[in-house]
Amino acid sequence: MSQTSNKKIGEKITRTVSDISTKLKNYLSSSTIVAKLTPEQEETLINKIARTISKFGLEMPAGIFLEIFKPVSHVGANLILLPSSPFLYLFGVNGYQYVSLLEKRENIERLLERINEDKSDSVLD
């Protein structure tokens, strides 16, 4: 092969990788496959999750997990749905709402704040 044909092949590969990268970025930044939650629904779910975490005394592990999960929340929330969606239906849990909630970083921040509020309230009691 000549150097010119190698250069053309390299340019084609570069364009292809760039196109794939752009399409992937567009897909990951696009809207979710699940319905959007209203702010009231988000607040209700955040309160429900925080109460459950506090009820079992899991504030510290939940806080660590949520801090680790926060940077990849959009992708991670959707990946959670893949293996768990058939089971969620069996247990009567609407997992799509939780996925929609957890894919936004600001909701994870709100959840962490709510868990810390519940933790400080239980210490004062």
# chains A, B, ... in the order shown; residues from 1 in each chain; ligands from 1

$ residues_around --residues "Glu59 in chain A" --least-positions-apart "3" --cutoff "8 Å" --atoms "only C-alpha atoms" --output "tab-separated table (two decimals) with C-alpha atoms, in the first residue's frame"
chain	number	residue	atom	x	y	z
A	53	ILE	CA	-32.91	5.22	54.01
A	54	SER	CA	-33.31	6.87	57.41
A	62	ALA	CA	-26.34	5.84	50.87
A	63	GLY	CA	-24.43	9.12	51.02
A	115	ILE	CA	-30.98	12.46	53.91
A	116	ASN	CA	-28.71	14.79	55.89
A	119	LYS	CA	-30.15	12.39	59.93

$ atom_distance --atom1 "CA of Ser73 in chain A" --atom2 "CA of Ile108 in chain A"
8.3 Å

$ closest_residue --among "A:Ile13, A:Ile20, A:Arg105, A:Lys8" --to "Lys70 in chain A" --atoms "only C-alpha atoms"
A:Arg105

$ closest_residue --among "A:Lys104, A:Val99, A:Arg51, A:Phe69" --to "Asp121 in chain A" --atoms "only C-alpha atoms"
A:Arg51

$ atom_distance --atom1 "CA of Thr14 in chain A" --atom2 "CA of His74 in chain A"
27.2 Å

$ atom_distance --atom1 "CA of Ala50 in chain A" --atom2 "CA of Asp118 in chain A"
7.4 Å

$ select_by_dssp --residues "range 4-116 of chain A" --states "helix (DSSP H, G or I)" --output "ChimeraX atom specification"
/A:4-29,39-55,59-90,95-102,105-116

$ residues_around --residues "Leu45 in chain A" --least-positions-apart "2" --cutoff "12 Å" --atoms "only C-alpha atoms" --output "compact mmCIF listing (two decimals) with N, CA and C atoms, in the first residue's frame"
# COMPACT_ATOMS: atom_id res chain seq x y z
N LEU A 37 -40.90 13.69 35.16
CA LEU A 37 -41.62 13.87 36.42
C LEU A 37 -41.86 15.35 36.66
N THR A 38 -42.98 15.64 37.29
CA THR A 38 -43.24 17.01 37.70
C THR A 38 -42.40 17.29 38.95
N PRO A 39 -42.17 18.55 39.27
CA PRO A 39 -41.41 18.86 40.49
C PRO A 39 -42.05 18.28 41.75
N GLU A 40 -43.38 18.23 41.79
CA GLU A 40 -44.05 17.65 42.95
C GLU A 40 -43.79 16.15 43.05
N GLN A 41 -43.81 15.46 41.91
CA GLN A 41 -43.52 14.02 41.91
C GLN A 41 -42.07 13.77 42.33
N GLU A 42 -41.15 14.61 41.84
CA GLU A 42 -39.75 14.46 42.23
C GLU A 42 -39.60 14.63 43.74
N GLU A 43 -40.25 15.65 44.29
CA GLU A 43 -40.15 15.90 45.73
C GLU A 43 -40.73 14.74 46.54
N ASN A 47 -38.53 12.45 49.10
CA ASN A 47 -38.92 12.26 50.50
C ASN A 47 -39.10 10.78 50.85
N LYS A 48 -39.70 10.03 49.93
CA LYS A 48 -39.93 8.60 50.16
C LYS A 48 -38.60 7.85 50.27
N ILE A 49 -37.68 8.14 49.37
CA ILE A 49 -36.36 7.47 49.40
C ILE A 49 -35.62 7.85 50.67
N ALA A 50 -35.61 9.13 51.00
CA ALA A 50 -34.89 9.59 52.20
C ALA A 50 -35.46 8.96 53.47
N ARG A 51 -36.79 8.87 53.57
CA ARG A 51 -37.42 8.25 54.74
C ARG A 51 -37.02 6.78 54.86
N THR A 52 -37.02 6.08 53.72
CA THR A 52 -36.66 4.66 53.73
C THR A 52 -35.21 4.47 54.16
N VAL A 93 -43.29 -1.89 41.73
CA VAL A 93 -42.52 -0.65 41.84
C VAL A 93 -42.43 -0.02 40.45
N ASN A 94 -42.73 1.26 40.37
CA ASN A 94 -42.59 1.95 39.10
C ASN A 94 -41.16 2.45 38.97
N GLY A 95 -40.30 1.59 38.50
CA GLY A 95 -38.88 1.88 38.39
C GLY A 95 -38.56 3.01 37.44
N TYR A 96 -39.42 3.22 36.46
CA TYR A 96 -39.16 4.28 35.50
C TYR A 96 -39.18 5.65 36.17
N GLN A 97 -40.01 5.80 37.19
CA GLN A 97 -40.02 7.07 37.92
C GLN A 97 -38.70 7.28 38.67
N TYR A 98 -38.20 6.23 39.28
CA TYR A 98 -36.94 6.34 40.01
C TYR A 98 -35.78 6.61 39.06
N VAL A 99 -35.80 5.97 37.89
CA VAL A 99 -34.75 6.22 36.90
C VAL A 99 -34.80 7.67 36.46
N SER A 100 -35.99 8.16 36.17
CA SER A 100 -36.14 9.55 35.75
C SER A 100 -35.65 10.50 36.84
N LEU A 101 -35.90 10.15 38.09
CA LEU A 101 -35.46 10.98 39.20
C LEU A 101 -33.94 10.97 39.34
N LEU A 102 -33.34 9.78 39.30
CA LEU A 102 -31.92 9.63 39.60
C LEU A 102 -31.00 10.02 38.45
N ASN A 107 -31.19 16.30 41.35
CA ASN A 107 -32.05 15.48 42.22
C ASN A 107 -31.23 14.65 43.19
N ILE A 108 -30.07 14.20 42.76
CA ILE A 108 -29.19 13.46 43.67
C ILE A 108 -28.71 14.39 44.78
N ARG A 110 -30.37 17.00 45.90
CA ARG A 110 -31.54 17.21 46.76
C ARG A 110 -31.75 16.01 47.68
N LEU A 111 -31.56 14.81 47.14
CA LEU A 111 -31.71 13.60 47.95
C LEU A 111 -30.67 13.56 49.06
N ARG A 114 -31.68 15.99 51.71
CA ARG A 114 -32.82 15.48 52.48
C ARG A 114 -32.38 14.39 53.45

$ decode --residues "range 51-99 of chain A" --atoms "N, CA and C atoms" --output "PDB file, in the first residue's frame"
ATOM      1  N   ARG A  51     -36.794   8.873  53.568  1.00  0.00           N
ATOM      2  CA  ARG A  51     -37.417   8.247  54.744  1.00  0.00           C
ATOM      3  C   ARG A  51     -37.021   6.777  54.857  1.00  0.00           C
ATOM      4  N   THR A  52     -37.022   6.078  53.720  1.00  0.00           N
ATOM      5  CA  THR A  52     -36.662   4.657  53.731  1.00  0.00           C
ATOM      6  C   THR A  52     -35.209   4.468  54.162  1.00  0.00           C
ATOM      7  N   ILE A  53     -34.328   5.307  53.635  1.00  0.00           N
ATOM      8  CA  ILE A  53     -32.908   5.222  54.006  1.00  0.00           C
ATOM      9  C   ILE A  53     -32.734   5.498  55.493  1.00  0.00           C
ATOM     10  N   SER A  54     -33.409   6.524  55.992  1.00  0.00           N
ATOM     11  CA  SER A  54     -33.308   6.870  57.413  1.00  0.00           C
ATOM     12  C   SER A  54     -33.920   5.794  58.302  1.00  0.00           C
ATOM     13  N   LYS A  55     -35.005   5.201  57.844  1.00  0.00           N
ATOM     14  CA  LYS A  55     -35.694   4.162  58.609  1.00  0.00           C
ATOM     15  C   LYS A  55     -34.763   2.989  58.925  1.00  0.00           C
ATOM     16  N   PHE A  56     -33.930   2.637  57.953  1.00  0.00           N
ATOM     17  CA  PHE A  56     -33.013   1.511  58.137  1.00  0.00           C
ATOM     18  C   PHE A  56     -31.620   1.936  58.598  1.00  0.00           C
ATOM     19  N   GLY A  57     -31.420   3.235  58.849  1.00  0.00           N
ATOM     20  CA  GLY A  57     -30.128   3.716  59.344  1.00  0.00           C
ATOM     21  C   GLY A  57     -29.005   3.622  58.330  1.00  0.00           C
ATOM     22  N   LEU A  58     -29.326   3.797  57.072  1.00  0.00           N
ATOM     23  CA  LEU A  58     -28.332   3.649  56.002  1.00  0.00           C
ATOM     24  C   LEU A  58     -27.866   4.993  55.442  1.00  0.00           C
ATOM     25  N   GLU A  59     -27.870   6.023  56.259  1.00  0.00           N
ATOM     26  CA  GLU A  59     -27.508   7.349  55.770  1.00  0.00           C
ATOM     27  C   GLU A  59     -26.079   7.400  55.223  1.00  0.00           C
ATOM     28  N   MET A  60     -25.135   6.813  55.963  1.00  0.00           N
ATOM     29  CA  MET A  60     -23.728   6.869  55.553  1.00  0.00           C
ATOM     30  C   MET A  60     -23.479   6.086  54.265  1.00  0.00           C
ATOM     31  N   PRO A  61     -23.888   4.806  54.169  1.00  0.00           N
ATOM     32  CA  PRO A  61     -23.648   4.089  52.909  1.00  0.00           C
ATOM     33  C   PRO A  61     -24.382   4.718  51.724  1.00  0.00           C
ATOM     34  N   ALA A  62     -25.594   5.209  51.961  1.00  0.00           N
ATOM     35  CA  ALA A  62     -26.341   5.840  50.872  1.00  0.00           C
ATOM     36  C   ALA A  62     -25.652   7.113  50.419  1.00  0.00           C
ATOM     37  N   GLY A  63     -25.148   7.886  51.369  1.00  0.00           N
ATOM     38  CA  GLY A  63     -24.432   9.118  51.020  1.00  0.00           C
ATOM     39  C   GLY A  63     -23.191   8.833  50.199  1.00  0.00           C
ATOM     40  N   ILE A  64     -22.437   7.823  50.600  1.00  0.00           N
ATOM     41  CA  ILE A  64     -21.229   7.454  49.844  1.00  0.00           C
ATOM     42  C   ILE A  64     -21.601   6.994  48.446  1.00  0.00           C
ATOM     43  N   PHE A  65     -22.604   6.117  48.356  1.00  0.00           N
ATOM     44  CA  PHE A  65     -23.019   5.618  47.045  1.00  0.00           C
ATOM     45  C   PHE A  65     -23.492   6.750  46.146  1.00  0.00           C
ATOM     46  N   LEU A  66     -24.311   7.652  46.675  1.00  0.00           N
ATOM     47  CA  LEU A  66     -24.842   8.741  45.843  1.00  0.00           C
ATOM     48  C   LEU A  66     -23.747   9.709  45.398  1.00  0.00           C
ATOM     49  N   GLU A  67     -22.769   9.961  46.270  1.00  0.00           N
ATOM     50  CA  GLU A  67     -21.651  10.827  45.863  1.00  0.00           C
ATOM     51  C   GLU A  67     -20.833  10.178  44.754  1.00  0.00           C
ATOM     52  N   ILE A  68     -20.644   8.876  44.837  1.00  0.00           N
ATOM     53  CA  ILE A  68     -19.897   8.166  43.794  1.00  0.00           C
ATOM     54  C   ILE A  68     -20.712   8.104  42.507  1.00  0.00           C
ATOM     55  N   PHE A  69     -22.006   7.911  42.636  1.00  0.00           N
ATOM     56  CA  PHE A  69     -22.910   7.738  41.498  1.00  0.00           C
ATOM     57  C   PHE A  69     -23.197   9.050  40.756  1.00  0.00           C
ATOM     58  N   LYS A  70     -23.042  10.172  41.438  1.00  0.00           N
ATOM     59  CA  LYS A  70     -23.442  11.473  40.891  1.00  0.00           C
ATOM     60  C   LYS A  70     -22.817  11.802  39.528  1.00  0.00           C
ATOM     61  N   PRO A  71     -21.513  11.610  39.300  1.00  0.00           N
ATOM     62  CA  PRO A  71     -20.944  11.992  38.000  1.00  0.00           C
ATOM     63  C   PRO A  71     -21.474  11.185  36.813  1.00  0.00           C
ATOM     64  N   VAL A  72     -21.938   9.988  37.050  1.00  0.00           N
ATOM     65  CA  VAL A  72     -22.433   9.147  35.956  1.00  0.00           C
ATOM     66  C   VAL A  72     -23.926   8.887  36.081  1.00  0.00           C
ATOM     67  N   SER A  73     -24.625   9.796  36.708  1.00  0.00           N
ATOM     68  CA  SER A  73     -26.026   9.561  37.036  1.00  0.00           C
ATOM     69  C   SER A  73     -26.901   9.332  35.812  1.00  0.00           C
ATOM     70  N   HIS A  74     -26.662  10.072  34.734  1.00  0.00           N
ATOM     71  CA  HIS A  74     -27.529   9.920  33.555  1.00  0.00           C
ATOM     72  C   HIS A  74     -27.397   8.523  32.960  1.00  0.00           C
ATOM     73  N   VAL A  75     -26.181   8.102  32.733  1.00  0.00           N
ATOM     74  CA  VAL A  75     -25.949   6.782  32.145  1.00  0.00           C
ATOM     75  C   VAL A  75     -26.274   5.687  33.155  1.00  0.00           C
ATOM     76  N   GLY A  76     -25.837   5.874  34.388  1.00  0.00           N
ATOM     77  CA  GLY A  76     -26.042   4.862  35.417  1.00  0.00           C
ATOM     78  C   GLY A  76     -27.498   4.580  35.703  1.00  0.00           C
ATOM     79  N   ALA A  77     -28.313   5.628  35.749  1.00  0.00           N
ATOM     80  CA  ALA A  77     -29.733   5.436  36.030  1.00  0.00           C
ATOM     81  C   ALA A  77     -30.395   4.612  34.937  1.00  0.00           C
ATOM     82  N   ASN A  78     -30.012   4.859  33.699  1.00  0.00           N
ATOM     83  CA  ASN A  78     -30.589   4.088  32.606  1.00  0.00           C
ATOM     84  C   ASN A  78     -30.050   2.663  32.574  1.00  0.00           C
ATOM     85  N   LEU A  79     -28.810   2.458  32.990  1.00  0.00           N
ATOM     86  CA  LEU A  79     -28.258   1.102  33.038  1.00  0.00           C
ATOM     87  C   LEU A  79     -28.902   0.266  34.135  1.00  0.00           C
ATOM     88  N   ILE A  80     -29.316   0.916  35.210  1.00  0.00           N
ATOM     89  CA  ILE A  80     -29.995   0.204  36.294  1.00  0.00           C
ATOM     90  C   ILE A  80     -31.281  -0.432  35.776  1.00  0.00           C
ATOM     91  N   LEU A  81     -31.923   0.258  34.856  1.00  0.00           N
ATOM     92  CA  LEU A  81     -33.214  -0.184  34.352  1.00  0.00           C
ATOM     93  C   LEU A  81     -33.114  -1.481  33.541  1.00  0.00           C
ATOM     94  N   LEU A  82     -32.005  -1.691  32.855  1.00  0.00           N
ATOM     95  CA  LEU A  82     -31.884  -2.867  31.984  1.00  0.00           C
ATOM     96  C   LEU A  82     -32.105  -4.185  32.717  1.00  0.00           C
ATOM     97  N   PRO A  83     -31.321  -4.499  33.734  1.00  0.00           N
ATOM     98  CA  PRO A  83     -31.526  -5.803  34.374  1.00  0.00           C
ATOM     99  C   PRO A  83     -32.685  -5.852  35.350  1.00  0.00           C
ATOM    100  N   SER A  84     -33.128  -4.693  35.833  1.00  0.00           N
ATOM    101  CA  SER A  84     -34.110  -4.710  36.911  1.00  0.00           C
ATOM    102  C   SER A  84     -35.554  -4.502  36.477  1.00  0.00           C
ATOM    103  N   SER A  85     -35.798  -4.011  35.280  1.00  0.00           N
ATOM    104  CA  SER A  85     -37.169  -3.654  34.891  1.00  0.00           C
ATOM    105  C   SER A  85     -38.169  -4.812  34.955  1.00  0.00           C
ATOM    106  N   PRO A  86     -37.815  -6.039  34.576  1.00  0.00           N
ATOM    107  CA  PRO A  86     -38.818  -7.103  34.699  1.00  0.00           C
ATOM    108  C   PRO A  86     -39.213  -7.375  36.150  1.00  0.00           C
ATOM    109  N   PHE A  87     -38.272  -7.245  37.065  1.00  0.00           N
ATOM    110  CA  PHE A  87     -38.536  -7.535  38.469  1.00  0.00           C
ATOM    111  C   PHE A  87     -39.302  -6.407  39.150  1.00  0.00           C
ATOM    112  N   LEU A  88     -39.033  -5.183  38.715  1.00  0.00           N
ATOM    113  CA  LEU A  88     -39.730  -4.050  39.312  1.00  0.00           C
ATOM    114  C   LEU A  88     -41.231  -4.159  39.103  1.00  0.00           C
ATOM    115  N   TYR A  89     -41.622  -4.596  37.932  1.00  0.00           N
ATOM    116  CA  TYR A  89     -43.041  -4.752  37.638  1.00  0.00           C
ATOM    117  C   TYR A  89     -43.674  -5.809  38.547  1.00  0.00           C
ATOM    118  N   LEU A  90     -42.951  -6.899  38.780  1.00  0.00           N
ATOM    119  CA  LEU A  90     -43.469  -7.975  39.629  1.00  0.00           C
ATOM    120  C   LEU A  90     -43.711  -7.506  41.064  1.00  0.00           C
ATOM    121  N   PHE A  91     -42.854  -6.593  41.535  1.00  0.00           N
ATOM    122  CA  PHE A  91     -42.975  -6.106  42.902  1.00  0.00           C
ATOM    123  C   PHE A  91     -43.834  -4.851  43.014  1.00  0.00           C
ATOM    124  N   GLY A  92     -44.398  -4.410  41.903  1.00  0.00           N
ATOM    125  CA  GLY A  92     -45.282  -3.255  41.928  1.00  0.00           C
ATOM    126  C   GLY A  92     -44.567  -1.926  42.080  1.00  0.00           C
ATOM    127  N   VAL A  93     -43.293  -1.886  41.731  1.00  0.00           N
ATOM    128  CA  VAL A  93     -42.519  -0.652  41.836  1.00  0.00           C
ATOM    129  C   VAL A  93     -42.433  -0.019  40.453  1.00  0.00           C
ATOM    130  N   ASN A  94     -42.730   1.259  40.371  1.00  0.00           N
ATOM    131  CA  ASN A  94     -42.595   1.946  39.104  1.00  0.00           C
ATOM    132  C   ASN A  94     -41.155   2.450  38.972  1.00  0.00           C
ATOM    133  N   GLY A  95     -40.298   1.585  38.501  1.00  0.00           N
ATOM    134  CA  GLY A  95     -38.880   1.880  38.391  1.00  0.00           C
ATOM    135  C   GLY A  95     -38.557   3.008  37.442  1.00  0.00           C
ATOM    136  N   TYR A  96     -39.419   3.221  36.457  1.00  0.00           N
ATOM    137  CA  TYR A  96     -39.164   4.283  35.500  1.00  0.00           C
ATOM    138  C   TYR A  96     -39.178   5.654  36.169  1.00  0.00           C
ATOM    139  N   GLN A  97     -40.006   5.802  37.187  1.00  0.00           N
ATOM    140  CA  GLN A  97     -40.016   7.068  37.918  1.00  0.00           C
ATOM    141  C   GLN A  97     -38.702   7.277  38.668  1.00  0.00           C
ATOM    142  N   TYR A  98     -38.202   6.229  39.277  1.00  0.00           N
ATOM    143  CA  TYR A  98     -36.944   6.335  40.007  1.00  0.00           C
ATOM    144  C   TYR A  98     -35.782   6.610  39.060  1.00  0.00           C
ATOM    145  N   VAL A  99     -35.800   5.975  37.892  1.00  0.00           N
ATOM    146  CA  VAL A  99     -34.752   6.218  36.901  1.00  0.00           C
ATOM    147  C   VAL A  99     -34.798   7.670  36.456  1.00  0.00           C
TER     148      VAL A  99
END
